[in-house]
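Notes follow once the structure below has been shown.
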Amino acid sequence: MLGVVAAHGSSFAFDRPPNLQWQSSKPIRIALSRSFENSQSILRGSDVRGALLRSLTTWESAAGVNFEVVDSDDLNVSPAGIAGNRINLITIAGTSQNTLFFSKEANEAPAATRIFFDRKGFIIEADIALNTSEIFSTSGAYGTYDLESIFLHEIGHLLGLEHSDLPGSVMSDVIQKNGVFTSGSDQQRKLAKSDIAAARAIYGNAVAECCGSISGRLTLKNGRPAADSYVWIEDGDDGRFVTGRRTDETGQFSIKGIESGQYRVGTISDDDASRVEYEIIDIESGTEVRLSKTVAPRQIAVPVLIGADGRLSVVSLRALPGDTPRIFIGLPPGIGGQFTIRSLSNQISIDPTSFARHSDFSGFNVTSFSADIAEGVLEGEYSLLIEFEDGRTAVLPGILRFD
């Protein structure tokens, strides 16, 4: 039995096995369609091959896989079905077959990936099509999609990774155009630690000194499971975000693909809903750490907008060491009430007297505040915590980014 899944779809044509992956140790052959050579959707002067090769090299390093690129006269991705033609095609041809590849829900997506897999969950083909209704470049031109970021995201799907809900992740389901909001899509040219962990959770055996995992169960004071509570991992004591998970309905969680080393595991304490509690753990390759804790109730998952200078976006905010930005956080309509925000890193301090409310953001509940960024802040993603006056809390993982 074979299966197929479109990576940008909200639903799948077949049941998706967990951890889809390539089985063979041989290089994954990528067929680059010659449709890129004369495409009106590629800004003149763009380095298509270079963008692709850099993207493939990035994933090779993270996942321990190998790629091989060949040129192809093929234009069309394999049609939906269960067979495929075993050619891993990347194309930008504006053919009717490729146009049908984009569902009505995803017709504005810059690209999409379709994966074919066998009954054991091994990938046997993956095709990528870029949307000819969009413009792509490698120069950062305003209003275009950064081609390297698009390739990096779609190659992640080709390897079997799903979308991430982390705003700083390459595998986030949102890639913005260059010049839109406070930064361009080229900020997604580099894998976040969470992207690397996701890849190594699948392909970790191919990477030296990799990987361990942590799993466990969170409960409330009354003994009931703490469903949808957030557990996150930080690298060192400066709050640099690695990855995280929400618990399932039984309070269980499992985080895989963690490099060997010492980490802090963060949860929200049951004694004080505003207090973050950490456990120090040592991860060793091939081992699993178990963690059981009692945590606070009323943790919520909140989609937010973030930005500076009053311009808000759904991707992480890129800041500079030593900077003092005024950061804007927007909560969607329906998430009301007063709230405060604090940093989960000692490298980022928030002035508690600087909070201001804003009402001119189309119904969003927007608060801005001033932050001081340490000169020596390390590269990576950092998190914030929202504390509502009614006792609810929400972790915003990896929402600030330093390159």
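Simple scheme: letters A, B, ... for chains in structure tokens order, numbers from 1 for residues in each chain, numbers from 1 for ligands in the order shown.
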
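The protein and nucleic acid residues lying at most 7 Å from range 79-96 of chain A are Leu2, Gly3, Val4, Arg29, Ile30, Ala31, Leu32, Ser33, Ser35, Phe36, Leu75, Val77, Asn98, Thr99, Leu100, Phe116, Ile124, Glu125, Ala126, Asp127, Ile128, Ala129, Leu130, Asn131 and Thr132 of chain A, with only C-alpha atoms considered and sequence neighbours fewer than 2 positions away removed.
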
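Proximity to range 360-366 of chain A at 7 Å, evaluated using only C-alpha atoms and with sequence-adjacent residues fewer than 2 positions away removed, yields Phe328, Ile329, Gly330, Leu331, Pro332, Pro333, Gly336, Arg357, His358 and Ser368 of chain A.
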
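In this comparison, which uses only C-alpha atoms, the residue of A:Asp165, A:Asp118, A:Asp146, A:Glu37 approaching Gln188 in chain A most closely is A:Asp146.
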
Handout entry: Test item: residues at most 8 Å from range 243-252 of chain A, only C-alpha atoms, excluding those fewer than 4 positions along its chain, as a PyMOL selection string
Key = chain A and resi 193-194+197+215-219+225-234+397

Hey, what's within 8 Å of range 134-141 of chain A if we count only C-alpha atoms and toss same-chain stuff fewer than 5 positions away? As a PDB file with all heavy atoms, in the first residue's frame, please?
ATOM      1  N   GLN A  40       8.943  33.583 -15.484  1.00  0.00           N
ATOM      2  CA  GLN A  40       8.621  34.978 -15.205  1.00  0.00           C
ATOM      3  C   GLN A  40       8.414  35.215 -13.719  1.00  0.00           C
ATOM      4  O   GLN A  40       8.329  36.375 -13.285  1.00  0.00           O
ATOM      5  CB  GLN A  40       7.347  35.378 -15.976  1.00  0.00           C
ATOM      6  CG  GLN A  40       7.483  35.300 -17.485  1.00  0.00           C
ATOM      7  CD  GLN A  40       8.564  36.226 -18.010  1.00  0.00           C
ATOM      8  OE1 GLN A  40       8.576  37.423 -17.703  1.00  0.00           O
ATOM      9  NE2 GLN A  40       9.485  35.692 -18.794  1.00  0.00           N
ATOM     10  N   SER A  41       8.345  34.138 -12.952  1.00  0.00           N
ATOM     11  CA  SER A  41       8.141  34.256 -11.506  1.00  0.00           C
ATOM     12  C   SER A  41       9.454  34.351 -10.739  1.00  0.00           C
ATOM     13  O   SER A  41       9.440  34.503  -9.518  1.00  0.00           O
ATOM     14  CB  SER A  41       7.336  33.056 -10.986  1.00  0.00           C
ATOM     15  OG  SER A  41       6.024  33.063 -11.508  1.00  0.00           O
ATOM     16  N   ILE A  42      10.565  34.221 -11.425  1.00  0.00           N
ATOM     17  CA  ILE A  42      11.882  34.349 -10.797  1.00  0.00           C
ATOM     18  C   ILE A  42      12.481  35.679 -11.214  1.00  0.00           C
ATOM     19  O   ILE A  42      12.650  35.947 -12.407  1.00  0.00           O
ATOM     20  CB  ILE A  42      12.823  33.203 -11.215  1.00  0.00           C
ATOM     21  CG1 ILE A  42      12.229  31.846 -10.832  1.00  0.00           C
ATOM     22  CG2 ILE A  42      14.196  33.389 -10.582  1.00  0.00           C
ATOM     23  CD1 ILE A  42      12.104  31.606  -9.352  1.00  0.00           C
ATOM     24  N   LEU A  43      12.777  36.538 -10.247  1.00  0.00           N
ATOM     25  CA  LEU A  43      13.345  37.843 -10.565  1.00  0.00           C
ATOM     26  C   LEU A  43      14.691  37.664 -11.264  1.00  0.00           C
ATOM     27  O   LEU A  43      15.515  36.835 -10.858  1.00  0.00           O
ATOM     28  CB  LEU A  43      13.526  38.652  -9.280  1.00  0.00           C
ATOM     29  CG  LEU A  43      13.654  40.167  -9.434  1.00  0.00           C
ATOM     30  CD1 LEU A  43      12.364  40.762  -9.982  1.00  0.00           C
ATOM     31  CD2 LEU A  43      14.012  40.801  -8.104  1.00  0.00           C
ATOM     32  N   ARG A  44      14.879  38.423 -12.313  1.00  0.00           N
ATOM     33  CA  ARG A  44      16.106  38.297 -13.107  1.00  0.00           C
ATOM     34  C   ARG A  44      17.341  38.487 -12.223  1.00  0.00           C
ATOM     35  O   ARG A  44      17.400  39.380 -11.379  1.00  0.00           O
ATOM     36  CB  ARG A  44      16.106  39.329 -14.226  1.00  0.00           C
ATOM     37  CG  ARG A  44      17.342  39.287 -15.113  1.00  0.00           C
ATOM     38  CD  ARG A  44      17.189  40.174 -16.331  1.00  0.00           C
ATOM     39  NE  ARG A  44      16.120  39.690 -17.216  1.00  0.00           N
ATOM     40  CZ  ARG A  44      15.816  40.254 -18.388  1.00  0.00           C
ATOM     41  NH1 ARG A  44      16.490  41.323 -18.807  1.00  0.00           N
ATOM     42  NH2 ARG A  44      14.832  39.768 -19.123  1.00  0.00           N
ATOM     43  N   SER A  46      18.497  36.186 -10.149  1.00  0.00           N
ATOM     44  CA  SER A  46      18.424  35.345  -8.951  1.00  0.00           C
ATOM     45  C   SER A  46      19.256  34.080  -9.135  1.00  0.00           C
ATOM     46  O   SER A  46      19.293  33.493 -10.223  1.00  0.00           O
ATOM     47  CB  SER A  46      16.973  34.972  -8.657  1.00  0.00           C
ATOM     48  OG  SER A  46      16.210  36.108  -8.309  1.00  0.00           O
ATOM     49  N   ASP A  47      19.900  33.662  -8.073  1.00  0.00           N
ATOM     50  CA  ASP A  47      20.752  32.475  -8.088  1.00  0.00           C
ATOM     51  C   ASP A  47      19.943  31.274  -7.603  1.00  0.00           C
ATOM     52  O   ASP A  47      20.006  30.883  -6.436  1.00  0.00           O
ATOM     53  CB  ASP A  47      21.968  32.711  -7.199  1.00  0.00           C
ATOM     54  CG  ASP A  47      22.929  31.531  -7.185  1.00  0.00           C
ATOM     55  OD1 ASP A  47      22.785  30.621  -8.028  1.00  0.00           O
ATOM     56  OD2 ASP A  47      23.815  31.506  -6.299  1.00  0.00           O
ATOM     57  N   VAL A  48      19.176  30.682  -8.507  1.00  0.00           N
ATOM     58  CA  VAL A  48      18.276  29.590  -8.149  1.00  0.00           C
ATOM     59  C   VAL A  48      19.061  28.387  -7.657  1.00  0.00           C
ATOM     60  O   VAL A  48      18.783  27.841  -6.573  1.00  0.00           O
ATOM     61  CB  VAL A  48      17.400  29.196  -9.357  1.00  0.00           C
ATOM     62  CG1 VAL A  48      16.556  27.967  -9.013  1.00  0.00           C
ATOM     63  CG2 VAL A  48      16.499  30.362  -9.765  1.00  0.00           C
ATOM     64  N   ALA A  51      20.734  28.955  -4.269  1.00  0.00           N
ATOM     65  CA  ALA A  51      19.773  28.939  -3.166  1.00  0.00           C
ATOM     66  C   ALA A  51      19.379  27.511  -2.806  1.00  0.00           C
ATOM     67  O   ALA A  51      19.267  27.159  -1.630  1.00  0.00           O
ATOM     68  CB  ALA A  51      18.544  29.756  -3.537  1.00  0.00           C
ATOM     69  N   PRO A 110       3.126  30.199  -1.302  1.00  0.00           N
ATOM     70  CA  PRO A 110       4.202  30.366  -2.285  1.00  0.00           C
ATOM     71  C   PRO A 110       4.696  29.055  -2.867  1.00  0.00           C
ATOM     72  O   PRO A 110       5.253  29.034  -3.966  1.00  0.00           O
ATOM     73  CB  PRO A 110       5.303  31.061  -1.480  1.00  0.00           C
ATOM     74  CG  PRO A 110       5.018  30.699  -0.057  1.00  0.00           C
ATOM     75  CD  PRO A 110       3.530  30.601   0.050  1.00  0.00           C
ATOM     76  N   ASP A 146      11.730  35.198  -0.573  1.00  0.00           N
ATOM     77  CA  ASP A 146      13.125  34.795  -0.609  1.00  0.00           C
ATOM     78  C   ASP A 146      13.215  33.333  -1.016  1.00  0.00           C
ATOM     79  O   ASP A 146      12.686  32.448  -0.348  1.00  0.00           O
ATOM     80  CB  ASP A 146      13.767  34.992   0.766  1.00  0.00           C
ATOM     81  CG  ASP A 146      15.229  34.617   0.763  1.00  0.00           C
ATOM     82  OD1 ASP A 146      16.022  35.334   0.145  1.00  0.00           O
ATOM     83  OD2 ASP A 146      15.576  33.576   1.358  1.00  0.00           O
ATOM     84  N   LEU A 147      13.881  33.076  -2.131  1.00  0.00           N
ATOM     85  CA  LEU A 147      13.896  31.743  -2.724  1.00  0.00           C
ATOM     86  C   LEU A 147      14.584  30.728  -1.813  1.00  0.00           C
ATOM     87  O   LEU A 147      14.128  29.585  -1.687  1.00  0.00           O
ATOM     88  CB  LEU A 147      14.590  31.791  -4.080  1.00  0.00           C
ATOM     89  CG  LEU A 147      14.434  30.576  -4.993  1.00  0.00           C
ATOM     90  CD1 LEU A 147      12.961  30.278  -5.269  1.00  0.00           C
ATOM     91  CD2 LEU A 147      15.170  30.818  -6.309  1.00  0.00           C
ATOM     92  N   GLU A 148      15.667  31.139  -1.166  1.00  0.00           N
ATOM     93  CA  GLU A 148      16.363  30.200  -0.289  1.00  0.00           C
ATOM     94  C   GLU A 148      15.492  29.801   0.897  1.00  0.00           C
ATOM     95  O   GLU A 148      15.474  28.633   1.311  1.00  0.00           O
ATOM     96  CB  GLU A 148      17.679  30.811   0.203  1.00  0.00           C
ATOM     97  CG  GLU A 148      18.518  29.842   1.012  1.00  0.00           C
ATOM     98  CD  GLU A 148      19.910  30.377   1.308  1.00  0.00           C
ATOM     99  OE1 GLU A 148      20.374  31.287   0.594  1.00  0.00           O
ATOM    100  OE2 GLU A 148      20.530  29.875   2.265  1.00  0.00           O
ATOM    101  N   ASN A 178       9.595  39.690   1.391  1.00  0.00           N
ATOM    102  CA  ASN A 178      10.638  40.661   1.693  1.00  0.00           C
ATOM    103  C   ASN A 178      10.056  42.063   1.814  1.00  0.00           C
ATOM    104  O   ASN A 178       9.226  42.474   0.990  1.00  0.00           O
ATOM    105  CB  ASN A 178      11.703  40.661   0.591  1.00  0.00           C
ATOM    106  CG  ASN A 178      12.549  39.420   0.610  1.00  0.00           C
ATOM    107  OD1 ASN A 178      13.057  39.011   1.641  1.00  0.00           O
ATOM    108  ND2 ASN A 178      12.708  38.800  -0.554  1.00  0.00           N
ATOM    109  N   GLY A 179      10.493  42.781   2.857  1.00  0.00           N
ATOM    110  CA  GLY A 179      10.066  44.156   3.040  1.00  0.00           C
ATOM    111  C   GLY A 179       8.739  44.302   3.732  1.00  0.00           C
ATOM    112  O   GLY A 179       8.313  45.419   4.015  1.00  0.00           O
ATOM    113  N   GLY A 184      12.383  40.758   6.331  1.00  0.00           N
ATOM    114  CA  GLY A 184      12.030  39.978   5.163  1.00  0.00           C
ATOM    115  C   GLY A 184      12.063  38.497   5.436  1.00  0.00           C
ATOM    116  O   GLY A 184      12.431  38.030   6.510  1.00  0.00           O
ATOM    117  N   ASP A 186      14.077  36.509   4.345  1.00  0.00           N
ATOM    118  CA  ASP A 186      15.420  35.954   4.428  1.00  0.00           C
ATOM    119  C   ASP A 186      15.831  35.652   5.856  1.00  0.00           C
ATOM    120  O   ASP A 186      16.849  35.020   6.101  1.00  0.00           O
ATOM    121  CB  ASP A 186      16.445  36.880   3.763  1.00  0.00           C
ATOM    122  CG  ASP A 186      16.584  38.223   4.454  1.00  0.00           C
ATOM    123  OD1 ASP A 186      15.716  38.562   5.281  1.00  0.00           O
ATOM    124  OD2 ASP A 186      17.567  38.930   4.173  1.00  0.00           O
TER     125      ASP A 186
END

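Using only C-alpha atoms, the shortest contact distance between Gly236 in chain A and any of A:Gly156, A:Gly310, A:Gly380, A:Gly204 is found at A:Gly380.
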
Go through range 170-344 of chain A and collect every residue that DSSP, computed from the backbone, puts in strand (DSSP E or B); the answer should be as a compact mmCIF listing (two decimals) with N, CA and C atoms, in the first residue's frame.
# COMPACT_ATOMS: atom_id res chain seq x y z
N SER A 172 7.81 26.96 10.35
CA SER A 172 6.57 27.69 10.61
C SER A 172 5.73 27.71 9.35
N GLY A 212 19.29 12.32 22.30
CA GLY A 212 18.52 11.81 23.41
C GLY A 212 17.12 12.38 23.39
N SER A 213 16.35 12.05 24.41
CA SER A 213 14.98 12.53 24.46
C SER A 213 14.55 12.72 25.91
N ILE A 214 13.46 13.44 26.08
CA ILE A 214 12.84 13.61 27.38
C ILE A 214 11.35 13.40 27.23
N SER A 215 10.76 12.69 28.16
CA SER A 215 9.33 12.44 28.13
C SER A 215 8.82 12.42 29.56
N GLY A 216 7.53 12.45 29.70
CA GLY A 216 6.97 12.42 31.04
C GLY A 216 5.50 12.77 31.06
N ARG A 217 5.02 13.09 32.26
CA ARG A 217 3.60 13.40 32.44
C ARG A 217 3.47 14.56 33.41
N LEU A 218 2.63 15.51 33.06
CA LEU A 218 2.33 16.64 33.92
C LEU A 218 0.93 16.49 34.49
N THR A 219 0.80 16.80 35.77
CA THR A 219 -0.50 16.71 36.43
C THR A 219 -0.80 18.02 37.17
N PRO A 225 -4.83 15.00 34.84
CA PRO A 225 -3.78 15.30 33.85
C PRO A 225 -3.79 16.78 33.45
N TYR A 230 2.45 23.50 28.59
CA TYR A 230 3.65 23.63 27.77
C TYR A 230 4.90 23.26 28.57
N VAL A 231 5.75 22.47 27.93
CA VAL A 231 7.05 22.10 28.46
C VAL A 231 8.09 22.55 27.45
N TRP A 232 9.12 23.25 27.92
CA TRP A 232 10.12 23.72 26.97
C TRP A 232 11.53 23.47 27.50
N ILE A 233 12.47 23.46 26.57
CA ILE A 233 13.86 23.18 26.90
C ILE A 233 14.71 24.38 26.52
N GLU A 234 15.58 24.79 27.44
CA GLU A 234 16.51 25.89 27.21
C GLU A 234 17.95 25.38 27.27
N ASP A 235 18.80 25.99 26.48
CA ASP A 235 20.21 25.64 26.43
C ASP A 235 20.99 26.59 27.32
N ARG A 240 18.08 30.61 26.35
CA ARG A 240 18.04 30.37 24.90
C ARG A 240 17.18 29.15 24.60
N PHE A 241 16.13 29.35 23.81
CA PHE A 241 15.12 28.33 23.55
C PHE A 241 15.66 27.25 22.61
N VAL A 242 15.36 26.00 22.92
CA VAL A 242 15.73 24.88 22.06
C VAL A 242 14.50 24.32 21.38
N THR A 243 13.57 23.81 22.14
CA THR A 243 12.34 23.25 21.58
C THR A 243 11.34 23.04 22.70
N GLY A 244 10.13 22.68 22.35
CA GLY A 244 9.11 22.47 23.37
C GLY A 244 7.93 21.70 22.81
N ARG A 245 7.05 21.29 23.71
CA ARG A 245 5.85 20.53 23.34
C ARG A 245 4.71 20.86 24.30
N ARG A 246 3.51 20.70 23.78
CA ARG A 246 2.33 20.72 24.64
C ARG A 246 1.94 19.30 24.98
N GLN A 252 0.63 13.67 28.90
CA GLN A 252 1.90 13.10 28.46
C GLN A 252 2.58 14.01 27.42
N PHE A 253 3.92 13.98 27.43
CA PHE A 253 4.68 14.68 26.41
C PHE A 253 5.92 13.88 26.08
N SER A 254 6.46 14.10 24.89
CA SER A 254 7.70 13.46 24.46
C SER A 254 8.43 14.40 23.52
N ILE A 255 9.69 14.69 23.84
CA ILE A 255 10.51 15.59 23.03
C ILE A 255 11.76 14.82 22.62
N LYS A 256 11.93 14.64 21.32
CA LYS A 256 13.06 13.85 20.81
C LYS A 256 14.02 14.72 20.01
N GLY A 257 15.14 14.12 19.62
CA GLY A 257 16.10 14.81 18.76
C GLY A 257 16.95 15.84 19.47
N ILE A 258 17.19 15.67 20.77
CA ILE A 258 17.96 16.64 21.55
C ILE A 258 19.42 16.22 21.58
N GLY A 261 24.00 16.93 26.07
CA GLY A 261 24.38 18.13 26.80
C GLY A 261 23.50 18.34 28.00
N GLN A 262 23.74 19.44 28.69
CA GLN A 262 22.94 19.79 29.86
C GLN A 262 21.95 20.89 29.49
N TYR A 263 20.72 20.73 29.95
CA TYR A 263 19.64 21.65 29.60
C TYR A 263 18.80 22.00 30.83
N ARG A 264 17.99 23.03 30.66
CA ARG A 264 16.95 23.36 31.65
C ARG A 264 15.60 23.06 31.02
N VAL A 265 14.75 22.39 31.78
CA VAL A 265 13.39 22.10 31.34
C VAL A 265 12.45 23.02 32.12
N GLY A 266 11.68 23.83 31.41
CA GLY A 266 10.82 24.81 32.05
C GLY A 266 9.36 24.39 32.06
N THR A 267 8.71 24.64 33.18
CA THR A 267 7.26 24.48 33.32
C THR A 267 6.74 25.63 34.17
N ILE A 268 5.42 25.79 34.23
CA ILE A 268 4.81 26.80 35.08
C ILE A 268 4.43 26.15 36.40
N SER A 269 4.98 26.67 37.50
CA SER A 269 4.80 26.06 38.81
C SER A 269 3.35 26.07 39.26
N VAL A 276 8.05 30.59 36.87
CA VAL A 276 8.57 29.54 36.03
C VAL A 276 9.50 28.66 36.86
N GLU A 277 9.36 27.36 36.70
CA GLU A 277 10.17 26.42 37.46
C GLU A 277 11.03 25.61 36.49
N TYR A 278 12.30 25.44 36.83
CA TYR A 278 13.22 24.73 35.95
C TYR A 278 13.77 23.48 36.63
N GLU A 279 14.01 22.46 35.80
CA GLU A 279 14.72 21.26 36.21
C GLU A 279 15.97 21.14 35.34
N ILE A 280 17.10 20.86 35.93
CA ILE A 280 18.33 20.66 35.19
C ILE A 280 18.42 19.18 34.79
N ILE A 281 18.62 18.93 33.51
CA ILE A 281 18.72 17.54 33.04
C ILE A 281 19.97 17.38 32.18
N ASP A 282 20.49 16.17 32.16
CA ASP A 282 21.60 15.81 31.29
C ASP A 282 21.09 14.84 30.23
N ILE A 283 21.27 15.23 28.98
CA ILE A 283 20.85 14.38 27.86
C ILE A 283 22.08 13.66 27.32
N GLU A 288 16.83 8.26 27.33
CA GLU A 288 15.61 9.02 27.54
C GLU A 288 15.52 9.44 29.00
N VAL A 289 15.26 10.72 29.23
CA VAL A 289 15.05 11.24 30.57
C VAL A 289 13.56 11.32 30.83
N ARG A 290 13.14 10.83 31.99
CA ARG A 290 11.73 10.89 32.37
C ARG A 290 11.53 12.02 33.38
N LEU A 291 10.43 12.75 33.21
CA LEU A 291 10.13 13.88 34.09
C LEU A 291 8.64 13.90 34.39
N SER A 292 8.29 13.89 35.67
CA SER A 292 6.90 14.01 36.09
C SER A 292 6.80 15.19 37.04
N LYS A 293 5.83 16.08 36.79
CA LYS A 293 5.72 17.29 37.59
C LYS A 293 4.27 17.68 37.77
N THR A 294 4.05 18.45 38.84
CA THR A 294 2.76 19.09 39.06
C THR A 294 2.88 20.53 38.59
N VAL A 295 1.95 20.96 37.77
CA VAL A 295 2.04 22.29 37.16
C VAL A 295 0.78 23.09 37.41
N GLN A 299 -3.12 27.32 31.83
CA GLN A 299 -2.18 27.65 30.78
C GLN A 299 -2.93 27.61 29.45
N LEU A 305 0.55 38.33 17.54
CA LEU A 305 1.31 39.13 16.60
C LEU A 305 2.43 39.80 17.38
N ILE A 306 3.58 39.98 16.74
CA ILE A 306 4.70 40.64 17.40
C ILE A 306 5.39 41.54 16.39
N GLY A 307 5.94 42.63 16.89
CA GLY A 307 6.64 43.52 15.99
C GLY A 307 7.24 44.69 16.73
N ALA A 308 7.73 45.65 15.97
CA ALA A 308 8.30 46.87 16.50
C ALA A 308 7.78 48.03 15.67
N ARG A 311 4.33 47.89 13.84
CA ARG A 311 4.09 47.01 12.69
C ARG A 311 4.17 45.58 13.19
N LEU A 312 3.06 44.86 13.09
CA LEU A 312 2.96 43.54 13.69
C LEU A 312 2.98 42.43 12.65
N SER A 313 3.52 41.28 13.04
CA SER A 313 3.64 40.14 12.14
C SER A 313 3.44 38.87 12.95
N LEU A 317 10.31 38.18 16.06
CA LEU A 317 10.89 39.51 15.91
C LEU A 317 12.41 39.41 15.98
N ARG A 318 13.06 39.86 14.93
CA ARG A 318 14.52 39.87 14.89
C ARG A 318 15.01 41.16 15.55
N ARG A 326 11.23 48.98 21.21
CA ARG A 326 9.88 49.01 21.79
C ARG A 326 9.11 47.90 21.07
N ILE A 327 8.73 46.90 21.82
CA ILE A 327 8.12 45.69 21.26
C ILE A 327 6.61 45.76 21.42
N PHE A 328 5.90 45.37 20.36
CA PHE A 328 4.44 45.34 20.36
C PHE A 328 3.98 43.88 20.35
N ILE A 329 3.06 43.55 21.24
CA ILE A 329 2.45 42.22 21.29
C ILE A 329 0.95 42.38 21.10
N GLY A 330 0.38 41.64 20.14
CA GLY A 330 -1.05 41.71 19.88
C GLY A 330 -1.73 40.38 20.10
N LEU A 331 -2.76 40.38 20.92
CA LEU A 331 -3.57 39.19 21.14
C LEU A 331 -4.83 39.28 20.29
N PHE A 339 -3.11 42.24 30.91
CA PHE A 339 -2.02 41.29 31.02
C PHE A 339 -0.70 42.03 31.08
N THR A 340 0.29 41.35 31.61
CA THR A 340 1.66 41.85 31.60
C THR A 340 2.54 40.81 30.90
N ILE A 341 3.72 41.22 30.53
CA ILE A 341 4.63 40.35 29.80
C ILE A 341 5.99 40.41 30.47
N ARG A 342 6.62 39.27 30.62
CA ARG A 342 7.98 39.26 31.14
C ARG A 342 8.85 38.32 30.32
N SER A 343 10.14 38.56 30.40
CA SER A 343 11.10 37.78 29.66
C SER A 343 11.46 36.51 30.42

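Distance check against Ala208 in chain A using only C-alpha atoms: of A:Pro297, A:Gly64, A:Gly223, A:Gly337, the minimum falls on A:Gly64.
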
Handout entry: For Lys190 in chain A, the nearest of the candidates A:Leu158, A:Gln23, A:Leu378, A:Ile150, counting only C-alpha atoms
Key = A:Ile150

Practice task
Can you check which residues of range 74-206 of chain A DSSP gives as helix (DSSP H, G or I) on the backbone and send them as a PyMOL selection string?
Solution key: chain A and resi 96-101+104-106+147-158+185-188+193-206

Handout entry: For Glu60 in chain A: contacts at 12 Å, only C-alpha atoms, fewer than 5 positions along chain excluded, given as an MDAnalysis selection string
Key = chainID A and resid 27:28 53:55 65:68 152 155:156 159 191 196 199:200 203:204 206:207

Problem - Residue neighbourhood Ile373 in chain A, 7 Å, only C-alpha atoms, exclusion window fewer than 2 positions, as an MDAnalysis selection string - result: chainID A and resid 321:324 347:349 371 375

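Going from CA of Ser61 in chain A over to CA of Cys211 in chain A, you cover 14.2 Å.
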